Amino acid sequence: MAIRADAAEVWALVSDLRRKARLNPAIEVIRIDLEGGEPVREGSVFRHRFVKGGRILEYRSRCVECVPPRLFVSRGETDPPFEVRVTVEPSAEGCRLTQRETLEVEAEALDALDAGGAKARTFSDVLRLLALFPSARPLSSELRALQRERVAARLAGELALWLDAIRAHVEAGAAGFGDVTQPLGQGEPA
């Protein structure tokens, strides 16, 4: 994504998960803490707590690679783990921001990621029933592949909205977006 802003300014935002998370329209941040103090570096650990889809989620992530001001890689200490790779590359117009998120999921985790409430549960139940019939297993595999595509498309859409919010925030010089410069977890209730 092209951003009309200095690469160093974009890097400062995207390498600080406390500030970056506040711009994600898919979640409501409760608290994000940086363990071990500033500056953010390889080995830094963040504790995340936020609301998504009416559920409170908590996890830790660790910075596994940090090459300022161009590369930040973090890994969620979750089951299954996920990885987020963010690159900031200077360009003539400002910079180019790329974020790639990787997650390998088993069927149960895929069901949990499949937003849809009762419909998603019914879908999962049907897949479990199809697994009981050997002749229906190919259909079950096809349906699971469709579910994986649906979840991937939804998550890609959420990521696109988040990156758009980051771009708008940086390009506007933070005007009108509230104060996201204050680190989270300092004096806020848990």
# chains A, B, ... in the order shown; residues from 1 in each chain; ligands from 1
>>> residues_around(residues="Asp16 in chain A", least_positions_apart="4", cutoff="12 Å", atoms="only C-alpha atoms", output="PDB file with N, CA and C atoms, in the first residue's frame")
ATOM      1  N   GLU A   9       8.183   7.839   9.815  1.00  0.00           N
ATOM      2  CA  GLU A   9       6.938   8.083  10.549  1.00  0.00           C
ATOM      3  C   GLU A   9       6.035   6.847  10.512  1.00  0.00           C
ATOM      4  N   VAL A  10       5.948   6.222   9.348  1.00  0.00           N
ATOM      5  CA  VAL A  10       5.139   5.005   9.222  1.00  0.00           C
ATOM      6  C   VAL A  10       5.758   3.892  10.059  1.00  0.00           C
ATOM      7  N   TRP A  11       7.073   3.762  10.004  1.00  0.00           N
ATOM      8  CA  TRP A  11       7.769   2.740  10.789  1.00  0.00           C
ATOM      9  C   TRP A  11       7.488   2.920  12.288  1.00  0.00           C
ATOM     10  N   ALA A  12       7.553   4.151  12.764  1.00  0.00           N
ATOM     11  CA  ALA A  12       7.312   4.416  14.189  1.00  0.00           C
ATOM     12  C   ALA A  12       5.938   3.920  14.616  1.00  0.00           C
ATOM     13  N   LYS A  20      -0.441   0.902  16.828  1.00  0.00           N
ATOM     14  CA  LYS A  20      -1.011   0.335  15.604  1.00  0.00           C
ATOM     15  C   LYS A  20      -2.373  -0.308  15.854  1.00  0.00           C
ATOM     16  N   ALA A  21      -2.507  -1.037  16.948  1.00  0.00           N
ATOM     17  CA  ALA A  21      -3.760  -1.742  17.254  1.00  0.00           C
ATOM     18  C   ALA A  21      -4.934  -0.790  17.405  1.00  0.00           C
ATOM     19  N   ARG A  22      -4.679   0.388  17.924  1.00  0.00           N
ATOM     20  CA  ARG A  22      -5.763   1.361  18.116  1.00  0.00           C
ATOM     21  C   ARG A  22      -6.432   1.771  16.812  1.00  0.00           C
ATOM     22  N   LEU A  23      -5.758   1.568  15.705  1.00  0.00           N
ATOM     23  CA  LEU A  23      -6.306   1.944  14.405  1.00  0.00           C
ATOM     24  C   LEU A  23      -7.059   0.801  13.728  1.00  0.00           C
ATOM     25  N   ILE A  32      -2.862  -3.036  25.761  1.00  0.00           N
ATOM     26  CA  ILE A  32      -1.699  -3.666  25.155  1.00  0.00           C
ATOM     27  C   ILE A  32      -0.486  -3.135  25.900  1.00  0.00           C
ATOM     28  N   ASP A  33       0.297  -4.050  26.436  1.00  0.00           N
ATOM     29  CA  ASP A  33       1.476  -3.679  27.206  1.00  0.00           C
ATOM     30  C   ASP A  33       2.733  -4.184  26.516  1.00  0.00           C
ATOM     31  N   LEU A  34       3.800  -3.420  26.632  1.00  0.00           N
ATOM     32  CA  LEU A  34       5.116  -3.828  26.165  1.00  0.00           C
ATOM     33  C   LEU A  34       5.907  -4.258  27.386  1.00  0.00           C
ATOM     34  N   GLY A  37      10.215  -2.796  28.412  1.00  0.00           N
ATOM     35  CA  GLY A  37      10.543  -1.403  28.139  1.00  0.00           C
ATOM     36  C   GLY A  37      10.969  -1.091  26.723  1.00  0.00           C
ATOM     37  N   GLU A  38      11.146   0.196  26.494  1.00  0.00           N
ATOM     38  CA  GLU A  38      11.517   0.732  25.185  1.00  0.00           C
ATOM     39  C   GLU A  38      13.012   0.551  24.963  1.00  0.00           C
ATOM     40  N   PRO A  39      13.479   0.597  23.739  1.00  0.00           N
ATOM     41  CA  PRO A  39      12.709   0.653  22.500  1.00  0.00           C
ATOM     42  C   PRO A  39      12.223  -0.745  22.107  1.00  0.00           C
ATOM     43  N   VAL A  40      11.251  -0.786  21.204  1.00  0.00           N
ATOM     44  CA  VAL A  40      10.793  -2.062  20.667  1.00  0.00           C
ATOM     45  C   VAL A  40      11.945  -2.642  19.852  1.00  0.00           C
ATOM     46  N   ARG A  41      12.254  -3.915  20.105  1.00  0.00           N
ATOM     47  CA  ARG A  41      13.398  -4.553  19.450  1.00  0.00           C
ATOM     48  C   ARG A  41      13.142  -6.048  19.336  1.00  0.00           C
ATOM     49  N   SER A  44      11.282  -8.241  22.046  1.00  0.00           N
ATOM     50  CA  SER A  44      10.237  -7.521  22.777  1.00  0.00           C
ATOM     51  C   SER A  44       8.954  -8.342  22.784  1.00  0.00           C
ATOM     52  N   VAL A  45       8.255  -8.294  23.911  1.00  0.00           N
ATOM     53  CA  VAL A  45       7.009  -9.051  24.065  1.00  0.00           C
ATOM     54  C   VAL A  45       5.874  -8.074  24.357  1.00  0.00           C
ATOM     55  N   PHE A  46       4.773  -8.259  23.645  1.00  0.00           N
ATOM     56  CA  PHE A  46       3.563  -7.481  23.855  1.00  0.00           C
ATOM     57  C   PHE A  46       2.486  -8.392  24.422  1.00  0.00           C
ATOM     58  N   ARG A  62       5.600 -11.845  20.229  1.00  0.00           N
ATOM     59  CA  ARG A  62       7.020 -11.534  20.401  1.00  0.00           C
ATOM     60  C   ARG A  62       7.587 -11.035  19.080  1.00  0.00           C
ATOM     61  N   CYS A  63       8.374  -9.982  19.154  1.00  0.00           N
ATOM     62  CA  CYS A  63       9.084  -9.496  17.976  1.00  0.00           C
ATOM     63  C   CYS A  63      10.227 -10.482  17.705  1.00  0.00           C
ATOM     64  N   CYS A  66      13.610  -7.526  13.808  1.00  0.00           N
ATOM     65  CA  CYS A  66      13.395  -6.084  13.783  1.00  0.00           C
ATOM     66  C   CYS A  66      14.607  -5.438  13.115  1.00  0.00           C
ATOM     67  N   PRO A  68      15.051  -1.824  11.877  1.00  0.00           N
ATOM     68  CA  PRO A  68      14.563  -0.465  11.666  1.00  0.00           C
ATOM     69  C   PRO A  68      15.268   0.193  10.494  1.00  0.00           C
ATOM     70  N   PRO A  69      14.633   0.982   9.741  1.00  0.00           N
ATOM     71  CA  PRO A  69      13.211   1.319   9.755  1.00  0.00           C
ATOM     72  C   PRO A  69      12.431   0.610   8.644  1.00  0.00           C
ATOM     73  N   PHE A  72       9.630  -5.470  10.426  1.00  0.00           N
ATOM     74  CA  PHE A  72       9.176  -5.837  11.770  1.00  0.00           C
ATOM     75  C   PHE A  72       8.385  -7.134  11.642  1.00  0.00           C
ATOM     76  N   VAL A  73       8.846  -8.185  12.320  1.00  0.00           N
ATOM     77  CA  VAL A  73       8.164  -9.476  12.273  1.00  0.00           C
ATOM     78  C   VAL A  73       7.826  -9.876  13.699  1.00  0.00           C
ATOM     79  N   SER A  74       6.550 -10.189  13.922  1.00  0.00           N
ATOM     80  CA  SER A  74       6.134 -10.656  15.249  1.00  0.00           C
ATOM     81  C   SER A  74       5.435 -11.997  15.097  1.00  0.00           C
ATOM     82  N   VAL A  86       5.785  -7.108   8.571  1.00  0.00           N
ATOM     83  CA  VAL A  86       5.504  -5.750   8.105  1.00  0.00           C
ATOM     84  C   VAL A  86       6.778  -5.171   7.513  1.00  0.00           C
ATOM     85  N   VAL A 180      -3.482   8.458  19.398  1.00  0.00           N
ATOM     86  CA  VAL A 180      -2.952   7.102  19.425  1.00  0.00           C
ATOM     87  C   VAL A 180      -1.457   7.120  19.711  1.00  0.00           C
ATOM     88  N   THR A 181      -0.947   8.273  20.119  1.00  0.00           N
ATOM     89  CA  THR A 181       0.476   8.347  20.396  1.00  0.00           C
ATOM     90  C   THR A 181       0.795   7.898  21.814  1.00  0.00           C
ATOM     91  N   GLN A 182      -0.195   7.870  22.689  1.00  0.00           N
ATOM     92  CA  GLN A 182       0.043   7.445  24.057  1.00  0.00           C
ATOM     93  C   GLN A 182       0.099   5.923  24.127  1.00  0.00           C
ATOM     94  N   PRO A 183       1.137   5.360  24.762  1.00  0.00           N
ATOM     95  CA  PRO A 183       1.185   3.916  24.915  1.00  0.00           C
ATOM     96  C   PRO A 183      -0.003   3.422  25.718  1.00  0.00           C
ATOM     97  N   LEU A 184      -0.524   2.279  25.327  1.00  0.00           N
ATOM     98  CA  LEU A 184      -1.631   1.685  26.070  1.00  0.00           C
ATOM     99  C   LEU A 184      -1.096   0.995  27.303  1.00  0.00           C
TER     100      LEU A 184
END
>>> select_by_dssp(residues="range 2-151 of chain A", states="alpha helix (DSSP H)", output="PyMOL selection string")
chain A and resi 7-14+17-21+107-113+118-130+137-151
>>> write_last_selection(atoms="N, CA and C atoms", output="tab-separated table (two decimals), in the first residue's frame")
chain	number	residue	atom	x	y	z
A	7	ALA	N	8.80	7.42	5.48
A	7	ALA	CA	8.91	6.02	5.91
A	7	ALA	C	9.20	5.91	7.41
A	8	ALA	N	10.00	6.81	7.96
A	8	ALA	CA	10.32	6.76	9.39
A	8	ALA	C	9.08	6.97	10.25
A	9	GLU	N	8.18	7.84	9.82
A	9	GLU	CA	6.94	8.08	10.55
A	9	GLU	C	6.04	6.85	10.51
A	10	VAL	N	5.95	6.22	9.35
A	10	VAL	CA	5.14	5.01	9.22
A	10	VAL	C	5.76	3.89	10.06
A	11	TRP	N	7.07	3.76	10.00
A	11	TRP	CA	7.77	2.74	10.79
A	11	TRP	C	7.49	2.92	12.29
A	12	ALA	N	7.55	4.15	12.76
A	12	ALA	CA	7.31	4.42	14.19
A	12	ALA	C	5.94	3.92	14.62
A	13	LEU	N	4.96	4.04	13.74
A	13	LEU	CA	3.60	3.59	14.06
A	13	LEU	C	3.47	2.08	13.98
A	14	VAL	N	3.90	1.48	12.87
A	14	VAL	CA	3.64	0.04	12.67
A	14	VAL	C	4.53	-0.86	13.51
A	17	LEU	N	3.13	-1.94	18.37
A	17	LEU	CA	1.83	-2.61	18.29
A	17	LEU	C	0.78	-1.94	19.16
A	18	ARG	N	1.20	-1.21	20.20
A	18	ARG	CA	0.24	-0.51	21.05
A	18	ARG	C	-0.48	0.57	20.26
A	19	ARG	N	0.28	1.34	19.49
A	19	ARG	CA	-0.31	2.42	18.69
A	19	ARG	C	-1.05	1.87	17.48
A	20	LYS	N	-0.44	0.90	16.83
A	20	LYS	CA	-1.01	0.34	15.60
A	20	LYS	C	-2.37	-0.31	15.85
A	21	ALA	N	-2.51	-1.04	16.95
A	21	ALA	CA	-3.76	-1.74	17.25
A	21	ALA	C	-4.93	-0.79	17.41
A	107	ALA	N	-8.99	-27.89	11.39
A	107	ALA	CA	-10.44	-27.72	11.21
A	107	ALA	C	-11.10	-27.01	12.38
A	108	GLU	N	-10.74	-27.38	13.61
A	108	GLU	CA	-11.38	-26.77	14.79
A	108	GLU	C	-11.08	-25.28	14.88
A	109	ALA	N	-9.84	-24.92	14.60
A	109	ALA	CA	-9.47	-23.50	14.64
A	109	ALA	C	-10.15	-22.74	13.50
A	110	LEU	N	-10.28	-23.39	12.36
A	110	LEU	CA	-10.97	-22.77	11.24
A	110	LEU	C	-12.43	-22.50	11.60
A	111	ASP	N	-13.06	-23.45	12.29
A	111	ASP	CA	-14.44	-23.24	12.74
A	111	ASP	C	-14.53	-22.04	13.67
A	112	ALA	N	-13.54	-21.88	14.55
A	112	ALA	CA	-13.55	-20.76	15.49
A	112	ALA	C	-13.38	-19.43	14.77
A	113	LEU	N	-12.62	-19.42	13.68
A	113	LEU	CA	-12.40	-18.19	12.91
A	113	LEU	C	-13.56	-17.84	12.00
A	118	ALA	N	-24.68	-19.20	14.69
A	118	ALA	CA	-25.41	-20.46	14.55
A	118	ALA	C	-25.19	-21.10	13.19
A	119	LYS	N	-25.12	-20.29	12.14
A	119	LYS	CA	-24.89	-20.84	10.80
A	119	LYS	C	-23.54	-21.54	10.73
A	120	ALA	N	-22.52	-20.94	11.32
A	120	ALA	CA	-21.19	-21.54	11.31
A	120	ALA	C	-21.19	-22.85	12.10
A	121	ARG	N	-21.90	-22.87	13.24
A	121	ARG	CA	-21.97	-24.11	14.02
A	121	ARG	C	-22.69	-25.20	13.25
A	122	THR	N	-23.76	-24.84	12.56
A	122	THR	CA	-24.49	-25.82	11.74
A	122	THR	C	-23.58	-26.35	10.64
A	123	PHE	N	-22.83	-25.47	10.00
A	123	PHE	CA	-21.89	-25.86	8.96
A	123	PHE	C	-20.90	-26.88	9.52
A	124	SER	N	-20.33	-26.60	10.68
A	124	SER	CA	-19.37	-27.50	11.30
A	124	SER	C	-20.00	-28.84	11.63
A	125	ASP	N	-21.23	-28.82	12.12
A	125	ASP	CA	-21.93	-30.07	12.43
A	125	ASP	C	-22.15	-30.91	11.17
A	126	VAL	N	-22.51	-30.26	10.07
A	126	VAL	CA	-22.71	-30.97	8.81
A	126	VAL	C	-21.40	-31.61	8.37
A	127	LEU	N	-20.29	-30.89	8.47
A	127	LEU	CA	-19.00	-31.45	8.09
A	127	LEU	C	-18.64	-32.67	8.93
A	128	ARG	N	-18.93	-32.59	10.22
A	128	ARG	CA	-18.65	-33.74	11.09
A	128	ARG	C	-19.50	-34.95	10.69
A	129	LEU	N	-20.75	-34.71	10.35
A	129	LEU	CA	-21.63	-35.80	9.92
A	129	LEU	C	-21.16	-36.40	8.60
A	130	LEU	N	-20.76	-35.57	7.66
A	130	LEU	CA	-20.27	-36.06	6.37
A	130	LEU	C	-19.04	-36.95	6.55
A	137	ARG	N	-16.81	-38.08	2.02
A	137	ARG	CA	-15.59	-37.37	2.44
A	137	ARG	C	-15.07	-36.38	1.41
A	138	PRO	N	-15.12	-36.70	0.09
A	138	PRO	CA	-14.68	-35.68	-0.88
A	138	PRO	C	-15.52	-34.40	-0.79
A	139	LEU	N	-16.82	-34.55	-0.59
A	139	LEU	CA	-17.69	-33.37	-0.44
A	139	LEU	C	-17.29	-32.59	0.80
A	140	SER	N	-17.01	-33.31	1.88
A	140	SER	CA	-16.58	-32.66	3.12
A	140	SER	C	-15.30	-31.85	2.89
A	141	SER	N	-14.37	-32.43	2.15
A	141	SER	CA	-13.11	-31.72	1.85
A	141	SER	C	-13.36	-30.47	1.02
A	142	GLU	N	-14.25	-30.58	0.04
A	142	GLU	CA	-14.58	-29.41	-0.79
A	142	GLU	C	-15.23	-28.31	0.04
A	143	LEU	N	-16.14	-28.71	0.92
A	143	LEU	CA	-16.81	-27.72	1.76
A	143	LEU	C	-15.81	-27.05	2.71
A	144	ARG	N	-14.88	-27.84	3.24
A	144	ARG	CA	-13.87	-27.28	4.14
A	144	ARG	C	-12.99	-26.28	3.37
A	145	ALA	N	-12.66	-26.59	2.12
A	145	ALA	CA	-11.86	-25.67	1.29
A	145	ALA	C	-12.63	-24.37	1.05
A	146	LEU	N	-13.93	-24.47	0.82
A	146	LEU	CA	-14.75	-23.27	0.64
A	146	LEU	C	-14.78	-22.44	1.93
A	147	GLN	N	-14.87	-23.12	3.06
A	147	GLN	CA	-14.85	-22.42	4.34
A	147	GLN	C	-13.52	-21.69	4.52
A	148	ARG	N	-12.42	-22.36	4.19
A	148	ARG	CA	-11.09	-21.76	4.32
A	148	ARG	C	-11.00	-20.50	3.44
A	149	GLU	N	-11.53	-20.58	2.21
A	149	GLU	CA	-11.52	-19.42	1.32
A	149	GLU	C	-12.38	-18.29	1.88
A	150	ARG	N	-13.53	-18.62	2.46
A	150	ARG	CA	-14.42	-17.61	3.02
A	150	ARG	C	-13.75	-16.89	4.20
A	151	VAL	N	-13.11	-17.67	5.07
A	151	VAL	CA	-12.43	-17.08	6.23
A	151	VAL	C	-11.25	-16.22	5.75
>>> atom_distance(atom1="CA of Leu103 in chain A", atom2="CA of Glu83 in chain A")
6.7 Å
>>> residues_around(residues="Glu171 in chain A", least_positions_apart="5", cutoff="10 Å", atoms="only C-alpha atoms", output="ChimeraX atom specification")
/A:3-6,9-10,94,165-166
>>> closest_residue(among="A:Glu42, A:Glu28, A:Gly36, A:Pro90", to="Arg55 in chain A", atoms="only C-alpha atoms")
A:Glu28
>>> atom_distance(atom1="CA of Val170 in chain A", atom2="CA of Gly76 in chain A")
25.5 Å
>>> select_by_dssp(residues="range 15-122 of chain A", states="strand (DSSP E)", output="NGL selection string")
:A and (28-35 or 45-52 or 55-67 or 71-76 or 82-91 or 94-103)
>>> residues_around(residues="Phe50 in chain A", least_positions_apart="6", cutoff="6 Å", atoms="only C-alpha atoms", output="MDAnalysis selection string")
chainID A and resid 28:30 56:57
>>> decode(residues="range 23-51 of chain A", atoms="N, CA and C atoms", output="CSV table (one decimal), in the first residue's frame")
chain,number,residue,atom,x,y,z
A,23,LEU,N,-5.8,1.6,15.7
A,23,LEU,CA,-6.3,1.9,14.4
A,23,LEU,C,-7.1,0.8,13.7
A,24,ASN,N,-7.1,-0.4,14.3
A,24,ASN,CA,-7.8,-1.5,13.8
A,24,ASN,C,-9.3,-1.4,14.0
A,25,PRO,N,-10.1,-1.2,12.9
A,25,PRO,CA,-11.5,-1.0,13.1
A,25,PRO,C,-12.2,-2.3,13.5
A,26,ALA,N,-11.6,-3.5,13.4
A,26,ALA,CA,-12.2,-4.8,13.7
A,26,ALA,C,-12.2,-5.1,15.1
A,27,ILE,N,-11.4,-4.4,15.9
A,27,ILE,CA,-11.3,-4.7,17.4
A,27,ILE,C,-11.5,-3.4,18.2
A,28,GLU,N,-11.8,-3.7,19.5
A,28,GLU,CA,-11.8,-2.6,20.5
A,28,GLU,C,-10.7,-3.0,21.5
A,29,VAL,N,-9.7,-2.1,21.5
A,29,VAL,CA,-8.5,-2.4,22.4
A,29,VAL,C,-8.9,-2.1,23.8
A,30,ILE,N,-8.6,-3.1,24.6
A,30,ILE,CA,-8.7,-2.9,26.1
A,30,ILE,C,-7.4,-2.5,26.7
A,31,ARG,N,-6.4,-3.3,26.3
A,31,ARG,CA,-5.0,-3.0,26.8
A,31,ARG,C,-4.0,-3.7,26.0
A,32,ILE,N,-2.9,-3.0,25.8
A,32,ILE,CA,-1.7,-3.7,25.2
A,32,ILE,C,-0.5,-3.1,25.9
A,33,ASP,N,0.3,-4.1,26.4
A,33,ASP,CA,1.5,-3.7,27.2
A,33,ASP,C,2.7,-4.2,26.5
A,34,LEU,N,3.8,-3.4,26.6
A,34,LEU,CA,5.1,-3.8,26.2
A,34,LEU,C,5.9,-4.3,27.4
A,35,GLU,N,6.3,-5.5,27.4
A,35,GLU,CA,7.1,-6.0,28.5
A,35,GLU,C,8.6,-5.7,28.2
A,36,GLY,N,9.3,-5.3,29.3
A,36,GLY,CA,10.7,-5.1,29.1
A,36,GLY,C,11.2,-3.7,28.7
A,37,GLY,N,10.2,-2.8,28.4
A,37,GLY,CA,10.5,-1.4,28.1
A,37,GLY,C,11.0,-1.1,26.7
A,38,GLU,N,11.1,0.2,26.5
A,38,GLU,CA,11.5,0.7,25.2
A,38,GLU,C,13.0,0.6,25.0
A,39,PRO,N,13.5,0.6,23.7
A,39,PRO,CA,12.7,0.7,22.5
A,39,PRO,C,12.2,-0.7,22.1
A,40,VAL,N,11.3,-0.8,21.2
A,40,VAL,CA,10.8,-2.1,20.7
A,40,VAL,C,11.9,-2.6,19.9
A,41,ARG,N,12.3,-3.9,20.1
A,41,ARG,CA,13.4,-4.6,19.4
A,41,ARG,C,13.1,-6.0,19.3
A,42,GLU,N,14.0,-6.7,18.7
A,42,GLU,CA,13.9,-8.2,18.6
A,42,GLU,C,13.9,-8.8,20.0
A,43,GLY,N,12.9,-9.6,20.3
A,43,GLY,CA,12.7,-10.2,21.6
A,43,GLY,C,11.7,-9.5,22.4
A,44,SER,N,11.3,-8.2,22.0
A,44,SER,CA,10.2,-7.5,22.8
A,44,SER,C,9.0,-8.3,22.8
A,45,VAL,N,8.3,-8.3,23.9
A,45,VAL,CA,7.0,-9.1,24.1
A,45,VAL,C,5.9,-8.1,24.4
A,46,PHE,N,4.8,-8.3,23.6
A,46,PHE,CA,3.6,-7.5,23.9
A,46,PHE,C,2.5,-8.4,24.4
A,47,ARG,N,1.7,-7.9,25.4
A,47,ARG,CA,0.5,-8.6,25.9
A,47,ARG,C,-0.7,-7.8,25.3
A,48,HIS,N,-1.5,-8.6,24.6
A,48,HIS,CA,-2.7,-8.0,23.9
A,48,HIS,C,-4.0,-8.4,24.7
A,49,ARG,N,-4.9,-7.5,24.8
A,49,ARG,CA,-6.2,-7.8,25.3
A,49,ARG,C,-7.2,-6.8,24.6
A,50,PHE,N,-8.2,-7.4,23.9
A,50,PHE,CA,-9.1,-6.6,23.1
A,50,PHE,C,-10.4,-7.4,22.9
A,51,VAL,N,-11.4,-6.7,22.4
A,51,VAL,CA,-12.7,-7.3,22.1
A,51,VAL,C,-12.9,-7.4,20.6
